[in-house]
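Data block for target_25.cif (mmCIF, C-alpha atoms and all ligand atoms):
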data_target
#
loop_
_atom_site.label_atom_id
_atom_site.label_comp_id
_atom_site.auth_asym_id
_atom_site.auth_seq_id
_atom_site.Cartn_x
_atom_site.Cartn_y
_atom_site.Cartn_z
CA MET A 767 -23.85 -33.06 -19.34
CA SER A 768 -24.72 -36.63 -18.56
CA ARG A 769 -22.15 -37.76 -16.01
CA ILE A 770 -23.76 -40.43 -13.86
CA HIS A 771 -22.59 -40.57 -10.27
CA ILE A 772 -23.53 -43.56 -8.14
CA GLU A 773 -22.74 -43.22 -4.47
CA ALA A 774 -22.76 -46.02 -1.91
CA ALA A 775 -25.66 -47.68 -3.69
CA SER A 776 -27.17 -50.80 -2.15
CA LYS A 777 -30.22 -52.84 -3.04
CA ARG A 778 -31.58 -55.57 -0.82
CA PHE A 779 -34.39 -57.98 -1.71
CA ASP A 780 -35.45 -59.65 1.56
CA LYS A 781 -32.29 -61.59 2.47
CA VAL A 782 -30.39 -61.07 -0.81
CA THR A 783 -28.08 -58.07 -1.14
CA ALA A 784 -28.09 -57.71 -4.92
CA VAL A 785 -26.02 -54.50 -4.97
CA ASP A 786 -23.66 -53.83 -2.09
CA GLN A 787 -22.24 -50.33 -1.46
CA VAL A 788 -21.31 -49.56 -5.05
CA THR A 789 -19.69 -46.19 -5.78
CA LEU A 790 -19.04 -45.49 -9.44
CA ASP A 791 -18.65 -42.46 -11.73
CA ILE A 792 -19.65 -42.84 -15.36
CA GLU A 793 -18.27 -39.95 -17.40
CA HIS A 794 -20.06 -38.32 -20.32
CA GLY A 795 -19.38 -40.22 -23.55
CA GLU A 796 -18.12 -43.40 -21.90
CA PHE A 797 -19.07 -46.90 -22.97
CA LEU A 798 -19.15 -48.43 -19.52
CA VAL A 799 -19.79 -52.17 -19.33
CA LEU A 800 -21.16 -53.72 -16.13
CA LEU A 801 -19.70 -57.22 -16.26
CA GLY A 802 -19.91 -60.24 -14.00
CA PRO A 803 -21.31 -63.72 -13.57
CA SER A 804 -25.01 -64.50 -13.35
CA GLY A 805 -26.55 -63.07 -10.19
CA CYS A 806 -23.73 -60.59 -9.43
CA GLY A 807 -26.18 -57.66 -9.43
CA LYS A 808 -25.42 -55.97 -12.76
CA SER A 809 -29.04 -55.86 -13.99
CA THR A 810 -30.22 -54.60 -10.61
CA LEU A 811 -27.65 -51.79 -10.71
CA LEU A 812 -28.67 -50.84 -14.25
CA ARG A 813 -32.36 -50.91 -13.30
CA ALA A 814 -31.56 -48.69 -10.32
CA ILE A 815 -29.91 -46.15 -12.67
CA ALA A 816 -33.02 -46.34 -14.88
CA GLY A 817 -35.28 -45.85 -11.87
CA LEU A 818 -37.04 -49.18 -12.36
CA THR A 819 -35.69 -50.59 -9.09
CA PRO A 820 -35.52 -48.20 -6.12
CA LEU A 821 -32.30 -48.33 -4.09
CA THR A 822 -32.36 -49.43 -0.47
CA GLU A 823 -29.49 -47.02 0.28
CA GLY A 824 -27.33 -44.59 -1.64
CA ARG A 825 -27.70 -41.88 -4.23
CA ILE A 826 -27.63 -41.46 -7.99
CA THR A 827 -27.03 -38.15 -9.76
CA LEU A 828 -27.24 -37.35 -13.47
CA GLY A 829 -25.25 -34.23 -14.27
CA ASP A 830 -26.05 -31.88 -11.37
CA LYS A 831 -29.44 -33.44 -10.68
CA ASP A 832 -30.12 -35.91 -7.87
CA ILE A 833 -32.35 -38.50 -9.57
CA THR A 834 -32.45 -41.07 -6.74
CA HIS A 835 -36.21 -40.60 -6.38
CA THR A 836 -37.06 -39.35 -9.88
CA PRO A 837 -39.56 -41.52 -11.80
CA PRO A 838 -38.02 -43.42 -14.76
CA ARG A 839 -39.75 -41.36 -17.47
CA ASP A 840 -38.33 -38.09 -16.07
CA ARG A 841 -34.72 -39.32 -15.94
CA ASP A 842 -33.63 -38.48 -19.50
CA LEU A 843 -32.25 -42.02 -19.87
CA ALA A 844 -33.30 -44.59 -22.46
CA MET A 845 -33.31 -48.30 -21.69
CA VAL A 846 -32.84 -51.08 -24.27
CA PHE A 847 -33.93 -54.48 -22.99
CA GLN A 848 -32.78 -57.97 -23.93
CA SER A 849 -36.32 -58.83 -25.03
CA TYR A 850 -36.53 -55.61 -27.15
CA ALA A 851 -40.08 -55.04 -25.77
CA LEU A 852 -41.46 -53.94 -29.17
CA TYR A 853 -45.21 -53.45 -29.73
CA PRO A 854 -46.19 -56.34 -32.06
CA HIS A 855 -49.21 -54.56 -33.59
CA LEU A 856 -47.30 -51.36 -34.46
CA SER A 857 -45.14 -50.78 -37.54
CA VAL A 858 -41.41 -50.18 -37.22
CA ALA A 859 -42.01 -46.44 -37.76
CA ARG A 860 -44.61 -46.29 -35.00
CA ASN A 861 -42.46 -48.39 -32.65
CA ILE A 862 -39.54 -46.02 -33.14
CA GLY A 863 -41.73 -42.93 -32.82
CA PHE A 864 -43.56 -44.20 -29.74
CA PRO A 865 -41.57 -42.26 -27.10
CA LEU A 866 -42.17 -39.00 -29.01
CA ARG A 867 -45.91 -39.66 -29.40
CA ALA A 868 -46.09 -40.40 -25.67
CA ARG A 869 -44.55 -36.95 -25.13
CA ARG A 870 -47.08 -35.44 -27.56
CA ARG A 871 -44.49 -34.04 -29.95
CA PRO A 872 -45.83 -32.57 -33.23
CA LYS A 873 -46.45 -35.08 -36.04
CA ALA A 874 -43.97 -33.47 -38.48
CA GLU A 875 -41.20 -33.54 -35.88
CA ILE A 876 -41.92 -37.21 -35.12
CA ARG A 877 -41.81 -38.16 -38.80
CA GLU A 878 -38.56 -36.31 -39.36
CA LYS A 879 -36.90 -37.81 -36.26
CA VAL A 880 -38.04 -41.36 -37.12
CA GLU A 881 -36.67 -41.03 -40.65
CA GLN A 882 -33.37 -39.70 -39.35
CA VAL A 883 -33.00 -42.54 -36.82
CA ALA A 884 -34.01 -45.11 -39.47
CA ARG A 885 -31.23 -43.80 -41.73
CA THR A 886 -28.69 -44.03 -38.91
CA LEU A 887 -29.66 -47.65 -38.20
CA ASP A 888 -30.25 -48.72 -41.80
CA LEU A 889 -33.96 -49.33 -41.20
CA SER A 890 -35.43 -46.97 -43.83
CA ALA A 891 -36.67 -49.80 -46.06
CA LEU A 892 -38.40 -51.55 -43.15
CA LEU A 893 -40.48 -48.72 -41.66
CA ASP A 894 -43.86 -50.22 -42.66
CA ARG A 895 -43.16 -53.74 -41.40
CA ARG A 896 -44.41 -55.28 -38.15
CA PRO A 897 -41.85 -56.71 -35.67
CA ARG A 898 -42.81 -60.30 -36.55
CA GLU A 899 -41.70 -59.62 -40.14
CA LEU A 900 -38.16 -58.76 -38.99
CA SER A 901 -35.06 -60.79 -38.19
CA GLY A 902 -33.62 -60.79 -34.67
CA GLY A 903 -30.93 -58.31 -35.65
CA GLN A 904 -33.45 -55.95 -37.25
CA ARG A 905 -35.70 -56.09 -34.16
CA GLN A 906 -32.70 -55.26 -32.04
CA ARG A 907 -32.02 -52.21 -34.22
CA VAL A 908 -35.65 -51.08 -33.90
CA ALA A 909 -35.35 -51.30 -30.10
CA LEU A 910 -32.19 -49.18 -30.35
CA GLY A 911 -34.02 -46.76 -32.65
CA ARG A 912 -36.73 -46.28 -30.09
CA ALA A 913 -34.05 -45.33 -27.56
CA LEU A 914 -32.19 -43.12 -30.04
CA VAL A 915 -35.23 -41.09 -31.13
CA ARG A 916 -35.48 -39.47 -27.71
CA ASP A 917 -31.92 -38.12 -27.76
CA PRO A 918 -31.46 -39.20 -24.16
CA GLY A 919 -28.68 -38.16 -21.79
CA ALA A 920 -27.48 -41.77 -21.70
CA PHE A 921 -28.38 -45.20 -23.06
CA LEU A 922 -28.84 -48.10 -20.65
CA MET A 923 -28.64 -51.55 -22.24
CA ASP A 924 -29.34 -54.89 -20.60
CA GLU A 925 -27.76 -57.73 -22.62
CA PRO A 926 -29.18 -56.37 -25.90
CA LEU A 927 -27.30 -58.91 -28.04
CA SER A 928 -28.08 -62.10 -26.15
CA ASN A 929 -30.96 -63.15 -28.45
CA LEU A 930 -28.80 -62.99 -31.58
CA ASP A 931 -26.88 -65.89 -33.08
CA ALA A 932 -23.07 -65.82 -32.82
CA LYS A 933 -22.38 -64.34 -36.26
CA LEU A 934 -24.96 -61.57 -35.96
CA ARG A 935 -23.77 -60.81 -32.46
CA THR A 936 -20.25 -60.18 -33.73
CA ALA A 937 -21.55 -57.91 -36.49
CA THR A 938 -23.88 -56.00 -34.15
CA ARG A 939 -21.08 -55.58 -31.61
CA ALA A 940 -19.08 -53.69 -34.22
CA GLU A 941 -22.18 -51.63 -35.17
CA LEU A 942 -22.78 -50.65 -31.55
CA SER A 943 -19.16 -49.52 -31.10
CA GLU A 944 -19.45 -47.48 -34.29
CA LEU A 945 -22.78 -45.99 -33.17
CA HIS A 946 -21.27 -45.04 -29.83
CA ARG A 947 -18.37 -43.28 -31.55
CA ARG A 948 -20.71 -41.44 -33.88
CA LEU A 949 -23.19 -40.31 -31.21
CA GLY A 950 -20.60 -39.52 -28.55
CA SER A 951 -23.26 -40.36 -25.92
CA THR A 952 -22.91 -42.25 -22.68
CA PHE A 953 -23.61 -45.99 -22.90
CA VAL A 954 -24.05 -48.18 -19.82
CA TYR A 955 -24.17 -51.78 -20.94
CA VAL A 956 -24.81 -54.97 -18.96
CA THR A 957 -23.37 -58.27 -20.08
CA HIS A 958 -21.86 -61.48 -18.74
CA ASP A 959 -19.97 -61.90 -22.02
CA GLN A 960 -16.33 -60.93 -21.58
CA VAL A 961 -15.75 -60.63 -25.33
CA GLU A 962 -18.49 -57.98 -25.59
CA ALA A 963 -16.95 -56.19 -22.63
CA MET A 964 -13.38 -56.34 -23.91
CA THR A 965 -14.26 -55.23 -27.45
CA MET A 966 -16.78 -52.44 -26.81
CA ALA A 967 -16.07 -50.92 -23.40
CA THR A 968 -14.07 -47.81 -22.75
CA ARG A 969 -14.16 -49.03 -19.13
CA ILE A 970 -15.30 -52.24 -17.51
CA ALA A 971 -16.86 -52.36 -14.02
CA LEU A 972 -16.59 -55.92 -12.75
CA LEU A 973 -19.12 -57.00 -10.13
CA ASN A 974 -18.98 -60.02 -7.85
CA GLY A 975 -21.67 -60.77 -5.28
CA GLY A 976 -23.06 -57.22 -5.59
CA LYS A 977 -19.69 -55.61 -4.90
CA LEU A 978 -17.46 -53.76 -7.31
CA GLU A 979 -14.25 -55.80 -7.79
CA GLN A 980 -12.46 -53.49 -10.24
CA VAL A 981 -13.12 -50.63 -12.63
CA GLY A 982 -10.71 -49.95 -15.47
CA SER A 983 -10.05 -50.00 -19.20
CA PRO A 984 -10.24 -53.46 -20.83
CA THR A 985 -6.43 -53.50 -21.01
CA GLU A 986 -6.07 -52.59 -17.33
CA VAL A 987 -8.45 -55.23 -16.03
CA TYR A 988 -6.99 -57.89 -18.32
CA ASP A 989 -3.31 -57.08 -17.74
CA ARG A 990 -3.49 -56.12 -14.06
CA PRO A 991 -6.51 -57.82 -12.51
CA ALA A 992 -7.08 -56.45 -9.00
CA SER A 993 -8.12 -59.84 -7.62
CA ALA A 994 -7.98 -63.55 -8.32
CA PHE A 995 -11.70 -63.33 -9.11
CA VAL A 996 -11.14 -60.80 -11.92
CA ALA A 997 -8.11 -62.79 -13.13
CA GLY A 998 -10.19 -65.96 -13.36
CA PHE A 999 -13.23 -64.27 -14.89
CA LEU A 1000 -11.53 -62.48 -17.78
CA GLY A 1001 -9.74 -64.55 -20.37
CA SER A 1002 -10.59 -67.69 -22.25
CA PRO A 1003 -9.28 -70.14 -21.27
CA ALA A 1004 -9.08 -68.60 -17.81
CA MET A 1005 -5.84 -67.57 -16.14
CA ASN A 1006 -4.05 -70.51 -14.52
CA LEU A 1007 -4.31 -70.04 -10.75
CA LEU A 1008 -2.02 -72.17 -8.56
CA ASP A 1009 -1.82 -72.27 -4.79
CA ALA A 1010 1.69 -71.32 -3.74
CA ARG A 1011 3.77 -69.96 -0.91
CA VAL A 1012 6.15 -67.01 -1.07
CA VAL A 1013 9.58 -67.86 0.35
CA SER A 1014 12.75 -65.87 0.32
CA ARG A 1015 15.93 -67.56 -0.89
CA GLU A 1016 19.33 -65.92 -1.43
CA GLY A 1017 17.78 -62.49 -1.29
CA ARG A 1018 15.16 -63.32 -3.89
CA LEU A 1019 11.53 -64.19 -3.50
CA HIS A 1020 10.20 -67.38 -4.96
CA ALA A 1021 6.64 -68.60 -5.29
CA VAL A 1022 6.79 -72.27 -4.43
CA ALA A 1023 4.21 -75.04 -4.63
CA GLU A 1024 5.42 -78.65 -4.50
CA ASP A 1025 7.41 -79.04 -7.74
CA VAL A 1026 6.69 -75.51 -8.78
CA ASP A 1027 9.32 -72.90 -8.08
CA VAL A 1028 9.07 -69.55 -9.76
CA ALA A 1029 11.61 -66.84 -9.03
CA LEU A 1030 9.79 -63.54 -8.72
CA ASP A 1031 11.20 -60.43 -10.21
CA ILE A 1032 10.84 -58.57 -6.94
CA THR A 1033 13.23 -58.15 -4.07
CA GLY A 1034 12.98 -56.87 -0.49
CA GLU A 1035 9.74 -54.93 -0.72
CA LEU A 1036 7.60 -58.04 -0.37
CA SER A 1037 9.59 -59.43 2.56
CA ASP A 1038 6.63 -59.04 4.90
CA GLN A 1039 4.81 -61.46 2.62
CA ASP A 1040 7.46 -64.12 3.31
CA SER A 1041 5.92 -67.54 3.86
CA GLN A 1042 2.56 -66.14 2.99
CA ASP A 1043 -0.06 -68.31 1.26
CA VAL A 1044 -0.61 -66.89 -2.17
CA VAL A 1045 -2.22 -67.70 -5.48
CA LEU A 1046 0.07 -67.56 -8.48
CA GLY A 1047 -1.53 -66.57 -11.77
CA ILE A 1048 -0.21 -67.07 -15.30
CA ARG A 1049 -2.29 -66.61 -18.44
CA PRO A 1050 -2.29 -69.56 -20.89
CA GLU A 1051 -0.79 -67.39 -23.63
CA HIS A 1052 2.14 -66.42 -21.38
CA LEU A 1053 3.31 -69.96 -20.65
CA ARG A 1054 6.29 -71.06 -22.73
CA ILE A 1055 7.71 -74.53 -23.27
CA GLY A 1056 11.19 -74.64 -21.73
CA GLY A 1057 12.57 -71.12 -21.50
CA ALA A 1058 15.12 -69.27 -19.43
CA HIS A 1059 13.14 -69.05 -16.20
CA PRO A 1060 12.84 -72.04 -13.88
CA GLY A 1061 9.37 -73.33 -14.28
CA LEU A 1062 6.57 -75.79 -13.81
CA ARG A 1063 7.34 -79.45 -14.50
CA GLY A 1064 4.42 -81.50 -15.69
CA VAL A 1065 2.99 -84.06 -18.08
CA VAL A 1066 0.80 -83.23 -21.09
CA ARG A 1067 -2.71 -84.60 -20.64
CA LEU A 1068 -4.41 -83.36 -23.79
CA VAL A 1069 -3.70 -81.16 -26.80
CA GLU A 1070 -6.63 -79.37 -28.45
CA ASN A 1071 -6.49 -77.93 -31.96
CA LEU A 1072 -8.42 -74.63 -32.24
CA GLY A 1073 -7.53 -74.05 -35.88
CA SER A 1074 -5.10 -71.15 -35.67
CA GLU A 1075 -3.86 -72.10 -32.20
CA GLU A 1076 -3.47 -75.09 -29.91
CA LEU A 1077 -4.22 -75.57 -26.25
CA ALA A 1078 -2.18 -77.98 -24.15
CA HIS A 1079 -3.54 -79.15 -20.80
CA VAL A 1080 -0.67 -80.07 -18.51
CA VAL A 1081 -0.81 -81.77 -15.12
CA VAL A 1082 1.57 -80.10 -12.66
CA GLY A 1083 1.58 -81.77 -9.24
CA ASP A 1084 -2.04 -81.66 -8.05
CA ALA A 1085 -2.94 -78.87 -10.43
CA ARG A 1086 -3.71 -78.56 -14.10
CA VAL A 1087 -2.51 -75.70 -16.21
CA CYS A 1088 -3.39 -74.68 -19.70
CA LEU A 1089 -0.97 -73.36 -22.29
CA ARG A 1090 -2.04 -71.58 -25.47
CA GLY A 1091 0.20 -71.04 -28.46
CA SER A 1092 0.29 -70.95 -32.23
CA ARG A 1093 0.18 -74.23 -34.10
CA PRO A 1094 1.92 -76.59 -33.94
CA LEU A 1095 2.94 -76.71 -30.28
CA ASP A 1096 4.81 -79.95 -30.99
CA LEU A 1097 3.42 -81.59 -27.87
CA ALA A 1098 1.66 -84.91 -27.48
CA THR A 1099 -0.24 -86.60 -24.67
CA GLY A 1100 2.21 -88.14 -22.19
CA ASP A 1101 5.10 -85.77 -22.98
CA ALA A 1102 7.05 -84.46 -19.98
CA VAL A 1103 7.39 -80.68 -20.23
CA THR A 1104 8.80 -77.76 -18.34
CA LEU A 1105 6.79 -74.59 -18.64
CA SER A 1106 7.92 -71.10 -17.78
CA ALA A 1107 6.72 -67.53 -17.91
CA ALA A 1108 8.54 -64.23 -17.98
CA PRO A 1109 8.46 -62.55 -14.54
CA GLN A 1110 6.36 -59.63 -15.80
CA HIS A 1111 3.60 -62.11 -16.71
CA ILE A 1112 3.33 -63.62 -13.25
CA HIS A 1113 0.50 -62.37 -11.05
CA LEU A 1114 0.32 -62.93 -7.31
CA PHE A 1115 -2.82 -62.78 -5.20
CA HIS A 1116 -3.34 -63.08 -1.48
CA ARG A 1117 -4.90 -66.51 -0.96
CA GLU A 1118 -7.42 -65.48 1.66
CA SER A 1119 -8.63 -62.09 0.43
CA GLY A 1120 -7.94 -62.78 -3.25
CA LYS A 1121 -6.47 -59.28 -3.58
CA ARG A 1122 -3.55 -58.62 -5.89
CA LEU A 1123 -0.07 -58.54 -4.30
CA VAL A 1124 2.14 -58.02 -7.37
P1 LIG A 1201 -28.05 -62.29 -14.74
O1 LIG A 1201 -26.82 -62.15 -15.58
O2 LIG A 1201 -28.37 -63.71 -14.45
O3 LIG A 1201 -29.21 -61.50 -15.23
P2 LIG A 1201 -27.38 -60.25 -12.80
O4 LIG A 1201 -25.94 -60.09 -12.50
O5 LIG A 1201 -27.99 -59.26 -13.69
O6 LIG A 1201 -27.68 -61.72 -13.28
P3 LIG A 1201 -29.41 -59.50 -10.90
O7 LIG A 1201 -30.53 -59.83 -11.82
O8 LIG A 1201 -29.09 -58.07 -10.69
O9 LIG A 1201 -28.09 -60.24 -11.38
O10 LIG A 1201 -29.67 -60.19 -9.50
C1 LIG A 1201 -28.80 -60.07 -8.39
C2 LIG A 1201 -29.36 -60.87 -7.23
O11 LIG A 1201 -30.57 -60.28 -6.78
C3 LIG A 1201 -29.67 -62.32 -7.57
O12 LIG A 1201 -29.36 -63.11 -6.47
C4 LIG A 1201 -31.17 -62.28 -7.81
O13 LIG A 1201 -31.74 -63.53 -7.52
C5 LIG A 1201 -31.65 -61.21 -6.85
N1 LIG A 1201 -32.83 -60.51 -7.34
C6 LIG A 1201 -32.93 -59.76 -8.47
N2 LIG A 1201 -34.15 -59.24 -8.62
C7 LIG A 1201 -34.88 -59.67 -7.57
C8 LIG A 1201 -36.25 -59.48 -7.14
N3 LIG A 1201 -37.09 -58.71 -7.83
N4 LIG A 1201 -36.62 -60.10 -5.99
C9 LIG A 1201 -35.76 -60.85 -5.27
N5 LIG A 1201 -34.47 -61.07 -5.61
C10 LIG A 1201 -34.03 -60.49 -6.75
#

As C-alpha cells, how would this structure be written, given the file I've shared?
Amino acid sequence: MSRIHIEAASKRFDKVTAVDQVTLDIEHGEFLVLLGPSGCGKSTLLRAIAGLTPLTEGRITLGDKDITHTPPRDRDLAMVFQSYALYPHLSVARNIGFPLRARRRPKAEIREKVEQVARTLDLSALLDRRPRELSGGQRQRVALGRALVRDPGAFLMDEPLSNLDAKLRTATRAELSELHRRLGSTFVYVTHDQVEAMTMATRIALLNGGKLEQVGSPTEVYDRPASAFVAGFLGSPAMNLLDARVVSREGRLHAVAEDVDVALDITGELSDQDSQDVVLGIRPEHLRIGGAHPGLRGVVRLVENLGSEELAHVVVGDARVCLRGSRPLDLATGDAVTLSAAPQHIHLFHRESGKRLV
C-alpha cells in the first residue's frame, strides 16, 4: 500500500514560495510525472515527498502513515538523482548493495538481491567495474539498481535522464516504462521534458509558479488543457494562442480578432461570455489550408522541412501562427492562405485568468 497523499503542501524559502498549496493523490502503481518549466517547484515538491526538504505547511501521508515529519531513511521511498550520486571508489555490486549494507542485512541476502537486480537491469556483466568505467546509461542503471534493491514503497526520480545523449535518452525512456510495468510500483518522476512526460506518465501533474495547474492523463492534458499555460507548455511547436473576443451573431458565437473570425460550435450556453476577451487556441496539427470553416487569412512567412512533415509559419494580422502537416504542404513564402480548424479542435481560454472556457 503505497498511495501518497499530499495535502495543502507549501514550501517557502525566504521570499520565494516554491510550492504553493498543492493537494495531490498519487495512487499505488502510478507513473506520475511532475512537469513544468524551470523553477516551477517540481524538485522541491519531490524533495518534500522524500523528506529532504521539510514543508512549511501541509501534510504528506504514505499509505496510512503520516510521514510529514519522518526522516528520509524511514520513509520507505527510494530517490534517484540526476547526478546518480554513485560512490566512485565502490564497484557496481557494492554501489547497488549499499542500502542493504547500511541496513545491516545478511551478506548472503545482499549478494542474492544484488544479482537479481543486476539481472533485471542487464548489469550482471558489469558488477566488478567502478562507476568511471561505465557509460552514462550504465551509470544511470546502477543508480536505479541501488533504488530497486531496497524494494521501496515508491520510487522518486529527479530528471534521471537529463545527463544522457538524445538517442540513449529515448532508449532509456522505453526501458523505464517497461520497468514500471514489470514492477507495478509507484513512480514519481520530475522532468521539464514534455516528451518524457507524454510517453511515460500514467498521469501528469503540471506545475506553474508552485501551483498545480492540471492533473490528468497525457491525453487529457494534451487534448483538453485546463489553462492557456498548459496549452502553451505541452506540444511542439506550441499551441497557437490568439487574442480574440467572443461575439454573438445570428444566434451563434464567434471568436473574432481583426481579420480572424471563427464560428464556435456552441450556442446559447456561453452567452454570458459575450464580448468577453478570450484567448483562442488551435494546435499546429489541427490547422488546415482552406477548408469548410471560415478561417484565418494570412501570408506565409516561412516553410520548414522536418523530414516527414513541414511547418508553415503564417502571419495573421498582428499574430503569427504555425501549421504542421505531412509533406509537401505545397506552400511557399509570400503565399496568401486561409487556414481553418474543425470546431472540436478550437480551445477557448479566459484572457485574464487563463482558465479554459470551452
Ligand atoms: P528546475 O527544473 O530548474 O530544477 P524546479 O521546477 O525543480 O526547477 P525548484 O528547484 O523546486 O524548481 O525551485 C522552485 C523555486 O524555489 C525556485 O524559484 C528556486 O529558486 C527556489 N528554491 C529552491 N530551492 C531553494 C533553496 N534551497 N533556497 C532558496 N530558494 C530555493

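When all atoms listed in the file are used to compute distances to Ala851 in chain A, the closest of the residues A:Thr936, A:Ser809, A:Thr886, A:Gln906 turns out to be A:Gln906.
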
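Excluding Tyr853 in chain A and any residue on its chain fewer than 4 positions from it, the residues at most 10 Å away by only C-alpha atoms are Ser857, Val858, Arg860, Asn861, Ile862, Phe864, Arg896, Pro897 and Arg898 of chain A.
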
Enumerate as a list in words the residues within 6 Å of ligand LIG 1201 (chain A), counting all atoms listed in the file.
-> Phe779, Ala784, Pro803, Ser804, Gly805, Cys806, Gly807, Lys808, Ser809, Thr810 and His958 of chain A

Counting all atoms listed in the file, what is within 7 Å of Val1080 in chain A, bar same-chain residues fewer than 4 positions away, as a PyMOL selection string?
-> chain A and resi 1064-1067+1086-1088

For the residues in that selection, give me C-alpha atoms as a compact mmCIF listing (two decimals), keeping the file's coordinate frame.
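Once everything was written out, this is again15.txt:
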# COMPACT_ATOMS: atom_id res chain seq x y z
CA GLY A 1064 4.42 -81.50 -15.69
CA VAL A 1065 2.99 -84.06 -18.08
CA VAL A 1066 0.80 -83.23 -21.09
CA ARG A 1067 -2.71 -84.60 -20.64
CA ARG A 1086 -3.71 -78.56 -14.10
CA VAL A 1087 -2.51 -75.70 -16.21
CA CYS A 1088 -3.39 -74.68 -19.70

For His1079 in chain A, which of A:Gln1110, A:Asn1006, A:Ser1092, A:Gln1042 is the closest residue, counting all atoms listed in the file?
-> A:Asn1006

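Neighbours of range 821-830 of chain A closer than or equal to 8 Å, with all atoms listed in the file counted and sequence neighbours fewer than 4 positions away skipped, come out as A:Met767, A:Ser768, A:Arg769, A:Ile770, A:His771, A:Ile772, A:Glu773, A:Ala774, A:Ala775, A:Ser776, A:Lys777, A:Arg778, A:Gln787, A:Ala814, A:Ile815, A:Thr834.
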
Could the residues in this selection be saved with C-alpha atoms as a PDB file, in the coordinates of the input?
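Dumped everything to result08.pdb:
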ATOM      1  CA  MET A 767     -23.850 -33.060 -19.340  1.00  0.00           C
ATOM      2  CA  SER A 768     -24.720 -36.630 -18.560  1.00  0.00           C
ATOM      3  CA  ARG A 769     -22.150 -37.760 -16.010  1.00  0.00           C
ATOM      4  CA  ILE A 770     -23.760 -40.430 -13.860  1.00  0.00           C
ATOM      5  CA  HIS A 771     -22.590 -40.570 -10.270  1.00  0.00           C
ATOM      6  CA  ILE A 772     -23.530 -43.560  -8.140  1.00  0.00           C
ATOM      7  CA  GLU A 773     -22.740 -43.220  -4.470  1.00  0.00           C
ATOM      8  CA  ALA A 774     -22.760 -46.020  -1.910  1.00  0.00           C
ATOM      9  CA  ALA A 775     -25.660 -47.680  -3.690  1.00  0.00           C
ATOM     10  CA  SER A 776     -27.170 -50.800  -2.150  1.00  0.00           C
ATOM     11  CA  LYS A 777     -30.220 -52.840  -3.040  1.00  0.00           C
ATOM     12  CA  ARG A 778     -31.580 -55.570  -0.820  1.00  0.00           C
ATOM     13  CA  GLN A 787     -22.240 -50.330  -1.460  1.00  0.00           C
ATOM     14  CA  ALA A 814     -31.560 -48.690 -10.320  1.00  0.00           C
ATOM     15  CA  ILE A 815     -29.910 -46.150 -12.670  1.00  0.00           C
ATOM     16  CA  THR A 834     -32.450 -41.070  -6.740  1.00  0.00           C
TER      17      THR A 834
END

How many Å lie between CA of Glu881 in chain A and CA of Val956 in chain A, rounded to one decimal?
-> 28.4 Å

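Reported to one decimal place, the separation of CA of Arg939 in chain A from CA of Pro854 in chain A is 25.1 Å.
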
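The closest residue to Leu1019 in chain A, picked from A:Leu1114, A:Leu900, A:Leu798, A:Leu978 and counting only C-alpha atoms, is A:Leu1114.
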